[in-house]
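Trainee: Please see the structure below; I have some questions.
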Amino acid sequence: MSTPTNTAITLKQRPNGEVRDDDFEIKQSSLPELQDGEFLIENKYLSLDPYMRPRMNDMQGYMDPVGIGEVMVGEAVGEVIASKTDAYQVGDVVTAYTGWQTHYIAKADEPMIYKVDAKGLPLSVFLGAAGMPGRTGYFGLTEVGKPKEGETLVVSAASGAVGSLVGQVAKSMGLRVVGVAGGEEKCRYVTDELGFDACVDYKAGNLDADLATACPNGIDIYFENVGGAVTRAVAKLLNKGSRVPVCGYVSAYNSEDIANVETPFHVFGAMPEPPEHRFFLVTEWQEQHGEATALLADKIKAGEIQYRESVAEGIDNAIDAFRGMLKGKNFGKQVVKLA
Ligand SMILES: NC(=O)c1ccc[n+]([C@@H]2O[C@H](COP(=O)([O-])OP(=O)(O)OC[C@H]3O[C@@H](n4cnc5c(N)ncnc54)[C@H](OP(=O)(O)O)[C@@H]3O)[C@@H](O)[C@H]2O)c1
C-alpha cells in the first residue's frame, strides 16, 4: 500500500468571537511509517460539535484548550487501513478522537477508541444519534432529568443532535414534550417528524407567551442546551421540584468575553426556589458506552428514533460548516464527509 497523505486543520490563532477562516491552517503531510503496536485510521466522517468552540479559547474549562499549531480536536468515524497490532484488523470500523484530519495513527491501548458494529446503519450515525450526542441526550435525560410519566419536559436546540434525541426518548416515556428551535421549518420537523407535542420558535418574537401556551401545566424538566433568552423564559415557568440537566449553553460559545456571560447557573441560581440543576458530562457514563450505543442503534434501526444530519462535503468545508452550526445553519447533527 502506498502511504497516504494526511490533510489536517490546525488552529493558527485564537478566534475572537465567531471563527474566521484565517484562524485555521489546512496542512498536508506524509504519514510516518507505522510502528509496532500502532494502526492507521482513514476517516470517513468528522464530527463537528459546539464544545469545540470554547476549546479554541485560552481558558481552562473541563478540558484543556487546543494549542496553537495543534490539530483541532474532535471525534471521527473511520476504517482501519493498516495495522501493526493484533487488537485492530484492517477493515475494522472505529470511532476515535482523531481531530480534524483525514488520517490518524493510533496506539493499540489508546483510550476512547471503540469498534463500531454498524448494524447496517450509515457510519455517520455513530457520531450523532447513536454516538456521543445521542448518549449525552439519553443519560442527561434519564440520569439527571429523572423523568416521570405525565410530566412536561422542555428541550432547547430541539432539532439538533442532542435535543432531538432527548425529546424522542422523553416522549417514549410518556412525558409531554415541548421543543424550542429557531425557525418555522425546524419547529415543523420537531412536531411532525419527531413527534413532540409542541415546538416554540424562539425567533418568532413571542417567546414568553408562546412557551407559556405550550406548557399549560408549567415545566418539570428543562433540558438546557442553549442558555440566554430561552433560559430566562423557561425559568418563569418551572414548577416546584423541577430538574434542569445543564448540558451546554451554545448561545454564549462565540462570546468575546465568555468568562463574564450570564450562564444558566446565574439564572437558575438567582431564583427564590432554584430547580435541581447541575452541569453534566457524557463521560460520566463512559463505562456504559457500548451498551448505550447498541441500544440507540437498535432504536434507530427499528424506526423508533428519527434523526437528521447536515453533511458538509470535504475537509476544506469543515470551518464554514462549524461556523454555521454555532448559529443554527445546521439542521440536525453536523458532520463532514471525507472523500
Ligand atoms: N455536556 C455534555 O457532555 C455535552 C455533550 C454533547 C453536547 N453538549 C451540548 O449540547 C448542546 C447541543 O449540542 P448539539 O451537538 O446537539 O448541537 P446542535 O443542537 O446540533 O447544534 C447547535 C444548535 O444550537 C442552536 N443555537 C445556536 N445559537 C443559539 C442561540 N443563540 N439561542 C438558541 N439556540 C441557539 C441552533 O439551533 P436553532 O437553529 O434551533 O437555534 C444550532 O443548530 C450544546 O450546548 C453542546 O455544547 C454537551
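Here's how to read the names in the C-alpha cells: chain A, B, ... by the order shown, residue numbers from 1 in each chain, ligand numbers from 1 in the order shown.
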Residues near segment 7-20 of chain A, anyone? I mean within 8 Å using only C-alpha atoms, not counting same-chain ones fewer than 6 positions away, as number ranges by chain.
Mentor: A: 26-29, 56-58, 66-72, 100-103, 254-256, 315, 319, 323
Trainee: Find the residues around Arg176 of chain A up to 9 Å (only C-alpha atoms counted), leave out those fewer than 5 positions away in its own chain, and share them as a PyMOL selection string.
Mentor: chain A and resi 149-154+170-171+196-198+215
Trainee: Please save C-alpha atoms of the selected residues as a short mmCIF file (atom, residue, chain, number, x, y, z; two decimals), in the first residue's frame.
Mentor:
```
data_model
loop_
_atom_site.label_atom_id
_atom_site.label_comp_id
_atom_site.auth_asym_id
_atom_site.auth_seq_id
_atom_site.Cartn_x
_atom_site.Cartn_y
_atom_site.Cartn_z
CA GLU A 149 -44.69 9.85 33.08
CA GLY A 150 -47.11 12.76 32.69
CA GLU A 151 -44.52 15.46 33.39
CA THR A 152 -43.78 18.32 30.99
CA LEU A 153 -40.27 18.47 29.52
CA VAL A 154 -38.87 21.38 27.54
CA ALA A 170 -38.90 11.53 26.78
CA LYS A 171 -41.94 11.10 24.54
CA PHE A 196 -43.03 16.30 20.02
CA ASP A 197 -46.32 17.71 21.39
CA ALA A 198 -45.37 21.29 20.58
CA CYS A 215 -46.72 24.44 28.75
#
```
Trainee: What's around segment 34-49 of chain A at 6 Å? Count only C-alpha atoms, leave out sequence neighbours fewer than 3 positions away in its own chain, and write the answer as a ChimeraX atom specification.
Mentor: /A:52,75-85,102-108,334-338
Trainee: For the residues selected in the previous step, produce a file with N, CA and C atoms as a PDB file, in the first residue's frame.
Mentor:
```pdb
ATOM      1  N   MET A  52     -16.348  22.410  20.704  1.00  0.00           N
ATOM      2  CA  MET A  52     -15.043  22.705  20.110  1.00  0.00           C
ATOM      3  C   MET A  52     -14.725  24.207  20.158  1.00  0.00           C
ATOM      4  N   GLU A  75     -14.062  14.109  17.340  1.00  0.00           N
ATOM      5  CA  GLU A  75     -14.221  12.672  17.109  1.00  0.00           C
ATOM      6  C   GLU A  75     -14.483  12.428  15.625  1.00  0.00           C
ATOM      7  N   ALA A  76     -14.155  11.232  15.184  1.00  0.00           N
ATOM      8  CA  ALA A  76     -14.402  10.851  13.791  1.00  0.00           C
ATOM      9  C   ALA A  76     -14.759   9.377  13.762  1.00  0.00           C
ATOM     10  N   VAL A  77     -15.344   8.963  12.629  1.00  0.00           N
ATOM     11  CA  VAL A  77     -15.549   7.532  12.418  1.00  0.00           C
ATOM     12  C   VAL A  77     -14.772   7.171  11.157  1.00  0.00           C
ATOM     13  N   GLY A  78     -14.027   6.088  11.239  1.00  0.00           N
ATOM     14  CA  GLY A  78     -13.184   5.730  10.108  1.00  0.00           C
ATOM     15  C   GLY A  78     -12.891   4.244  10.059  1.00  0.00           C
ATOM     16  N   GLU A  79     -12.096   3.885   9.053  1.00  0.00           N
ATOM     17  CA  GLU A  79     -11.784   2.475   8.839  1.00  0.00           C
ATOM     18  C   GLU A  79     -10.290   2.252   9.039  1.00  0.00           C
ATOM     19  N   VAL A  80      -9.950   1.131   9.647  1.00  0.00           N
ATOM     20  CA  VAL A  80      -8.539   0.780   9.827  1.00  0.00           C
ATOM     21  C   VAL A  80      -8.002   0.314   8.465  1.00  0.00           C
ATOM     22  N   ILE A  81      -6.945   0.994   7.969  1.00  0.00           N
ATOM     23  CA  ILE A  81      -6.422   0.614   6.645  1.00  0.00           C
ATOM     24  C   ILE A  81      -5.028  -0.010   6.720  1.00  0.00           C
ATOM     25  N   ALA A  82      -4.419   0.007   7.897  1.00  0.00           N
ATOM     26  CA  ALA A  82      -3.143  -0.700   8.094  1.00  0.00           C
ATOM     27  C   ALA A  82      -2.997  -0.929   9.591  1.00  0.00           C
ATOM     28  N   SER A  83      -2.363  -2.030   9.962  1.00  0.00           N
ATOM     29  CA  SER A  83      -2.276  -2.310  11.398  1.00  0.00           C
ATOM     30  C   SER A  83      -1.013  -3.083  11.736  1.00  0.00           C
ATOM     31  N   LYS A  84      -0.381  -2.683  12.840  1.00  0.00           N
ATOM     32  CA  LYS A  84       0.746  -3.450  13.379  1.00  0.00           C
ATOM     33  C   LYS A  84       0.423  -3.831  14.817  1.00  0.00           C
ATOM     34  N   THR A  85      -0.839  -4.202  15.046  1.00  0.00           N
ATOM     35  CA  THR A  85      -1.280  -4.698  16.349  1.00  0.00           C
ATOM     36  C   THR A  85      -2.382  -5.724  16.120  1.00  0.00           C
ATOM     37  N   THR A 102      -7.735  13.774   7.951  1.00  0.00           N
ATOM     38  CA  THR A 102      -8.212  12.653   7.136  1.00  0.00           C
ATOM     39  C   THR A 102      -7.692  11.312   7.641  1.00  0.00           C
ATOM     40  N   HIS A 103      -6.512  11.312   8.271  1.00  0.00           N
ATOM     41  CA  HIS A 103      -5.905  10.060   8.727  1.00  0.00           C
ATOM     42  C   HIS A 103      -5.385  10.231  10.152  1.00  0.00           C
ATOM     43  N   TYR A 104      -5.229   9.100  10.815  1.00  0.00           N
ATOM     44  CA  TYR A 104      -4.773   9.176  12.208  1.00  0.00           C
ATOM     45  C   TYR A 104      -4.060   7.877  12.569  1.00  0.00           C
ATOM     46  N   ILE A 105      -2.887   8.011  13.135  1.00  0.00           N
ATOM     47  CA  ILE A 105      -2.171   6.827  13.634  1.00  0.00           C
ATOM     48  C   ILE A 105      -2.466   6.696  15.122  1.00  0.00           C
ATOM     49  N   ALA A 106      -3.074   5.553  15.486  1.00  0.00           N
ATOM     50  CA  ALA A 106      -3.473   5.334  16.885  1.00  0.00           C
ATOM     51  C   ALA A 106      -2.635   4.218  17.487  1.00  0.00           C
ATOM     52  N   LYS A 107      -2.591   4.241  18.822  1.00  0.00           N
ATOM     53  CA  LYS A 107      -1.887   3.167  19.525  1.00  0.00           C
ATOM     54  C   LYS A 107      -2.930   2.147  20.000  1.00  0.00           C
ATOM     55  N   ALA A 108      -2.527   0.894  20.056  1.00  0.00           N
ATOM     56  CA  ALA A 108      -3.457  -0.186  20.400  1.00  0.00           C
ATOM     57  C   ALA A 108      -4.147   0.059  21.735  1.00  0.00           C
ATOM     58  N   GLN A 334     -24.301  17.876  12.685  1.00  0.00           N
ATOM     59  CA  GLN A 334     -23.374  18.383  11.660  1.00  0.00           C
ATOM     60  C   GLN A 334     -22.161  17.460  11.546  1.00  0.00           C
ATOM     61  N   VAL A 335     -21.961  16.923  10.378  1.00  0.00           N
ATOM     62  CA  VAL A 335     -20.771  16.096  10.123  1.00  0.00           C
ATOM     63  C   VAL A 335     -20.064  16.594   8.864  1.00  0.00           C
ATOM     64  N   VAL A 336     -18.850  16.134   8.677  1.00  0.00           N
ATOM     65  CA  VAL A 336     -18.102  16.414   7.444  1.00  0.00           C
ATOM     66  C   VAL A 336     -17.792  15.072   6.799  1.00  0.00           C
ATOM     67  N   LYS A 337     -18.228  14.902   5.564  1.00  0.00           N
ATOM     68  CA  LYS A 337     -17.956  13.650   4.845  1.00  0.00           C
ATOM     69  C   LYS A 337     -16.621  13.810   4.128  1.00  0.00           C
ATOM     70  N   LEU A 338     -15.737  12.846   4.319  1.00  0.00           N
ATOM     71  CA  LEU A 338     -14.429  12.927   3.675  1.00  0.00           C
ATOM     72  C   LEU A 338     -14.433  12.071   2.414  1.00  0.00           C
TER      73      LEU A 338
END
```
Trainee: Could I get the residue neighbourhood of ligand 1 at 6 Å, counting only C-alpha atoms and all ligand atoms, as number ranges by chain?
Mentor: A: 49-51, 133, 136, 157, 160-163, 181-182, 225-226, 247-251, 280-282, 325-328, 330, 332-333
Trainee: The selected residues should be written to file as a PDB file, in the first residue's frame (atoms: N, CA and C atoms).
Mentor:
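Output file selection_23.pdb is given in full below:
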```pdb
ATOM      1  N   ASP A  49     -18.879  19.662  16.665  1.00  0.00           N
ATOM      2  CA  ASP A  49     -19.688  19.800  17.884  1.00  0.00           C
ATOM      3  C   ASP A  49     -19.460  21.156  18.522  1.00  0.00           C
ATOM      4  N   PRO A  50     -20.518  21.710  19.140  1.00  0.00           N
ATOM      5  CA  PRO A  50     -20.387  23.039  19.754  1.00  0.00           C
ATOM      6  C   PRO A  50     -19.233  23.152  20.756  1.00  0.00           C
ATOM      7  N   TYR A  51     -18.933  22.086  21.524  1.00  0.00           N
ATOM      8  CA  TYR A  51     -17.901  22.187  22.579  1.00  0.00           C
ATOM      9  C   TYR A  51     -16.540  22.603  22.021  1.00  0.00           C
ATOM     10  N   PRO A 133     -23.470  12.580  20.928  1.00  0.00           N
ATOM     11  CA  PRO A 133     -24.654  13.403  21.245  1.00  0.00           C
ATOM     12  C   PRO A 133     -25.859  12.559  21.686  1.00  0.00           C
ATOM     13  N   THR A 136     -25.310  11.516  25.169  1.00  0.00           N
ATOM     14  CA  THR A 136     -25.447  12.704  26.028  1.00  0.00           C
ATOM     15  C   THR A 136     -26.922  12.948  26.344  1.00  0.00           C
ATOM     16  N   ALA A 157     -32.661  23.756  21.509  1.00  0.00           N
ATOM     17  CA  ALA A 157     -31.957  23.212  20.324  1.00  0.00           C
ATOM     18  C   ALA A 157     -32.607  21.873  19.960  1.00  0.00           C
ATOM     19  N   GLY A 160     -31.702  19.647  16.999  1.00  0.00           N
ATOM     20  CA  GLY A 160     -30.276  19.326  16.907  1.00  0.00           C
ATOM     21  C   GLY A 160     -29.967  17.903  17.340  1.00  0.00           C
ATOM     22  N   ALA A 161     -28.680  17.597  17.331  1.00  0.00           N
ATOM     23  CA  ALA A 161     -28.227  16.232  17.590  1.00  0.00           C
ATOM     24  C   ALA A 161     -28.666  15.748  18.980  1.00  0.00           C
ATOM     25  N   VAL A 162     -28.407  16.543  20.007  1.00  0.00           N
ATOM     26  CA  VAL A 162     -28.757  16.135  21.374  1.00  0.00           C
ATOM     27  C   VAL A 162     -30.265  16.317  21.607  1.00  0.00           C
ATOM     28  N   GLY A 163     -30.772  17.501  21.259  1.00  0.00           N
ATOM     29  CA  GLY A 163     -32.163  17.838  21.573  1.00  0.00           C
ATOM     30  C   GLY A 163     -33.172  16.897  20.951  1.00  0.00           C
ATOM     31  N   ALA A 181     -36.910  25.743  19.137  1.00  0.00           N
ATOM     32  CA  ALA A 181     -35.981  25.711  17.997  1.00  0.00           C
ATOM     33  C   ALA A 181     -36.088  27.018  17.232  1.00  0.00           C
ATOM     34  N   GLY A 182     -35.090  27.253  16.379  1.00  0.00           N
ATOM     35  CA  GLY A 182     -35.028  28.509  15.625  1.00  0.00           C
ATOM     36  C   GLY A 182     -35.649  28.371  14.245  1.00  0.00           C
ATOM     37  N   ASN A 225     -29.720  23.328  26.578  1.00  0.00           N
ATOM     38  CA  ASN A 225     -28.678  23.253  25.547  1.00  0.00           C
ATOM     39  C   ASN A 225     -28.171  24.612  25.105  1.00  0.00           C
ATOM     40  N   VAL A 226     -28.941  25.695  25.399  1.00  0.00           N
ATOM     41  CA  VAL A 226     -28.609  26.959  24.727  1.00  0.00           C
ATOM     42  C   VAL A 226     -28.324  28.159  25.636  1.00  0.00           C
ATOM     43  N   CYS A 247     -26.698  20.789  29.969  1.00  0.00           N
ATOM     44  CA  CYS A 247     -25.878  20.058  29.000  1.00  0.00           C
ATOM     45  C   CYS A 247     -24.881  21.010  28.349  1.00  0.00           C
ATOM     46  N   GLY A 248     -25.327  22.244  28.084  1.00  0.00           N
ATOM     47  CA  GLY A 248     -24.461  23.243  27.462  1.00  0.00           C
ATOM     48  C   GLY A 248     -25.241  24.528  27.289  1.00  0.00           C
ATOM     49  N   TYR A 249     -24.554  25.592  26.840  1.00  0.00           N
ATOM     50  CA  TYR A 249     -25.249  26.861  26.553  1.00  0.00           C
ATOM     51  C   TYR A 249     -24.602  27.525  25.354  1.00  0.00           C
ATOM     52  N   VAL A 250     -24.980  26.962  24.208  1.00  0.00           N
ATOM     53  CA  VAL A 250     -24.335  27.291  22.941  1.00  0.00           C
ATOM     54  C   VAL A 250     -24.454  28.771  22.568  1.00  0.00           C
ATOM     55  N   SER A 251     -25.496  29.459  23.058  1.00  0.00           N
ATOM     56  CA  SER A 251     -25.666  30.884  22.696  1.00  0.00           C
ATOM     57  C   SER A 251     -24.487  31.727  23.172  1.00  0.00           C
ATOM     58  N   PHE A 280     -23.566  18.405  33.538  1.00  0.00           N
ATOM     59  CA  PHE A 280     -23.103  17.017  33.470  1.00  0.00           C
ATOM     60  C   PHE A 280     -22.278  16.833  32.201  1.00  0.00           C
ATOM     61  N   LEU A 281     -21.461  15.809  32.213  1.00  0.00           N
ATOM     62  CA  LEU A 281     -20.659  15.456  31.029  1.00  0.00           C
ATOM     63  C   LEU A 281     -20.997  14.032  30.625  1.00  0.00           C
ATOM     64  N   VAL A 282     -21.098  13.800  29.350  1.00  0.00           N
ATOM     65  CA  VAL A 282     -21.455  12.471  28.843  1.00  0.00           C
ATOM     66  C   VAL A 282     -20.467  11.409  29.332  1.00  0.00           C
ATOM     67  N   MET A 325     -22.865  26.049  12.195  1.00  0.00           N
ATOM     68  CA  MET A 325     -23.536  25.278  13.249  1.00  0.00           C
ATOM     69  C   MET A 325     -23.789  26.115  14.492  1.00  0.00           C
ATOM     70  N   LEU A 326     -22.826  27.002  14.810  1.00  0.00           N
ATOM     71  CA  LEU A 326     -22.996  27.802  16.033  1.00  0.00           C
ATOM     72  C   LEU A 326     -24.033  28.908  15.860  1.00  0.00           C
ATOM     73  N   LYS A 327     -24.562  29.057  14.631  1.00  0.00           N
ATOM     74  CA  LYS A 327     -25.687  29.989  14.502  1.00  0.00           C
ATOM     75  C   LYS A 327     -26.902  29.314  13.885  1.00  0.00           C
ATOM     76  N   GLY A 328     -26.939  27.989  13.999  1.00  0.00           N
ATOM     77  CA  GLY A 328     -28.160  27.267  13.629  1.00  0.00           C
ATOM     78  C   GLY A 328     -28.331  27.003  12.153  1.00  0.00           C
ATOM     79  N   ASN A 330     -27.019  24.550  10.663  1.00  0.00           N
ATOM     80  CA  ASN A 330     -27.180  23.093  10.564  1.00  0.00           C
ATOM     81  C   ASN A 330     -28.630  22.727  10.846  1.00  0.00           C
ATOM     82  N   GLY A 332     -29.992  19.377  12.316  1.00  0.00           N
ATOM     83  CA  GLY A 332     -29.601  18.053  12.810  1.00  0.00           C
ATOM     84  C   GLY A 332     -28.093  17.979  12.968  1.00  0.00           C
ATOM     85  N   LYS A 333     -27.609  16.779  13.207  1.00  0.00           N
ATOM     86  CA  LYS A 333     -26.184  16.564  13.504  1.00  0.00           C
ATOM     87  C   LYS A 333     -25.280  17.040  12.367  1.00  0.00           C
TER      88      LYS A 333
END
```
Trainee: Identify all residues of segment 124-161 of chain A in strand (DSSP E) (DSSP on the backbone) and supply them as a ChimeraX atom specification.
Mentor: /A:152-156
Trainee: Next, dump the selected residues to file, keeping only N, CA, C and O atoms, as a JSON list (two decimals), in the first residue's frame.
Mentor:
```json
[["chain", "number", "residue", "atom", "x", "y", "z"],
["A", 152, "THR", "N", -44.08, 17.51, 32.19],
["A", 152, "THR", "CA", -43.78, 18.32, 30.99],
["A", 152, "THR", "C", -42.27, 18.57, 30.92],
["A", 152, "THR", "O", -41.66, 19.04, 31.89],
["A", 153, "LEU", "N", -41.70, 18.22, 29.76],
["A", 153, "LEU", "CA", -40.27, 18.47, 29.52],
["A", 153, "LEU", "C", -40.13, 19.49, 28.39],
["A", 153, "LEU", "O", -40.82, 19.41, 27.38],
["A", 154, "VAL", "N", -39.24, 20.45, 28.61],
["A", 154, "VAL", "CA", -38.87, 21.38, 27.54],
["A", 154, "VAL", "C", -37.40, 21.12, 27.19],
["A", 154, "VAL", "O", -36.57, 20.96, 28.09],
["A", 155, "VAL", "N", -37.11, 21.04, 25.91],
["A", 155, "VAL", "CA", -35.71, 20.89, 25.48],
["A", 155, "VAL", "C", -35.41, 21.94, 24.41],
["A", 155, "VAL", "O", -36.19, 22.14, 23.49],
["A", 156, "SER", "N", -34.27, 22.62, 24.59],
["A", 156, "SER", "CA", -33.86, 23.65, 23.62],
["A", 156, "SER", "C", -32.92, 23.02, 22.59],
["A", 156, "SER", "O", -32.43, 21.91, 22.78]]
```
Trainee: Output as JSON, numbers by chain all residues of segment 29-182 of chain A that backbone DSSP marks as helix (DSSP H, G or I).
Mentor: {"A": [50, 51, 52, 54, 55, 56, 123, 124, 125, 126, 127, 132, 133, 134, 135, 136, 137, 138, 139, 140, 141, 142, 143, 144, 145, 161, 162, 163, 164, 165, 166, 167, 168, 169, 170, 171, 172]}
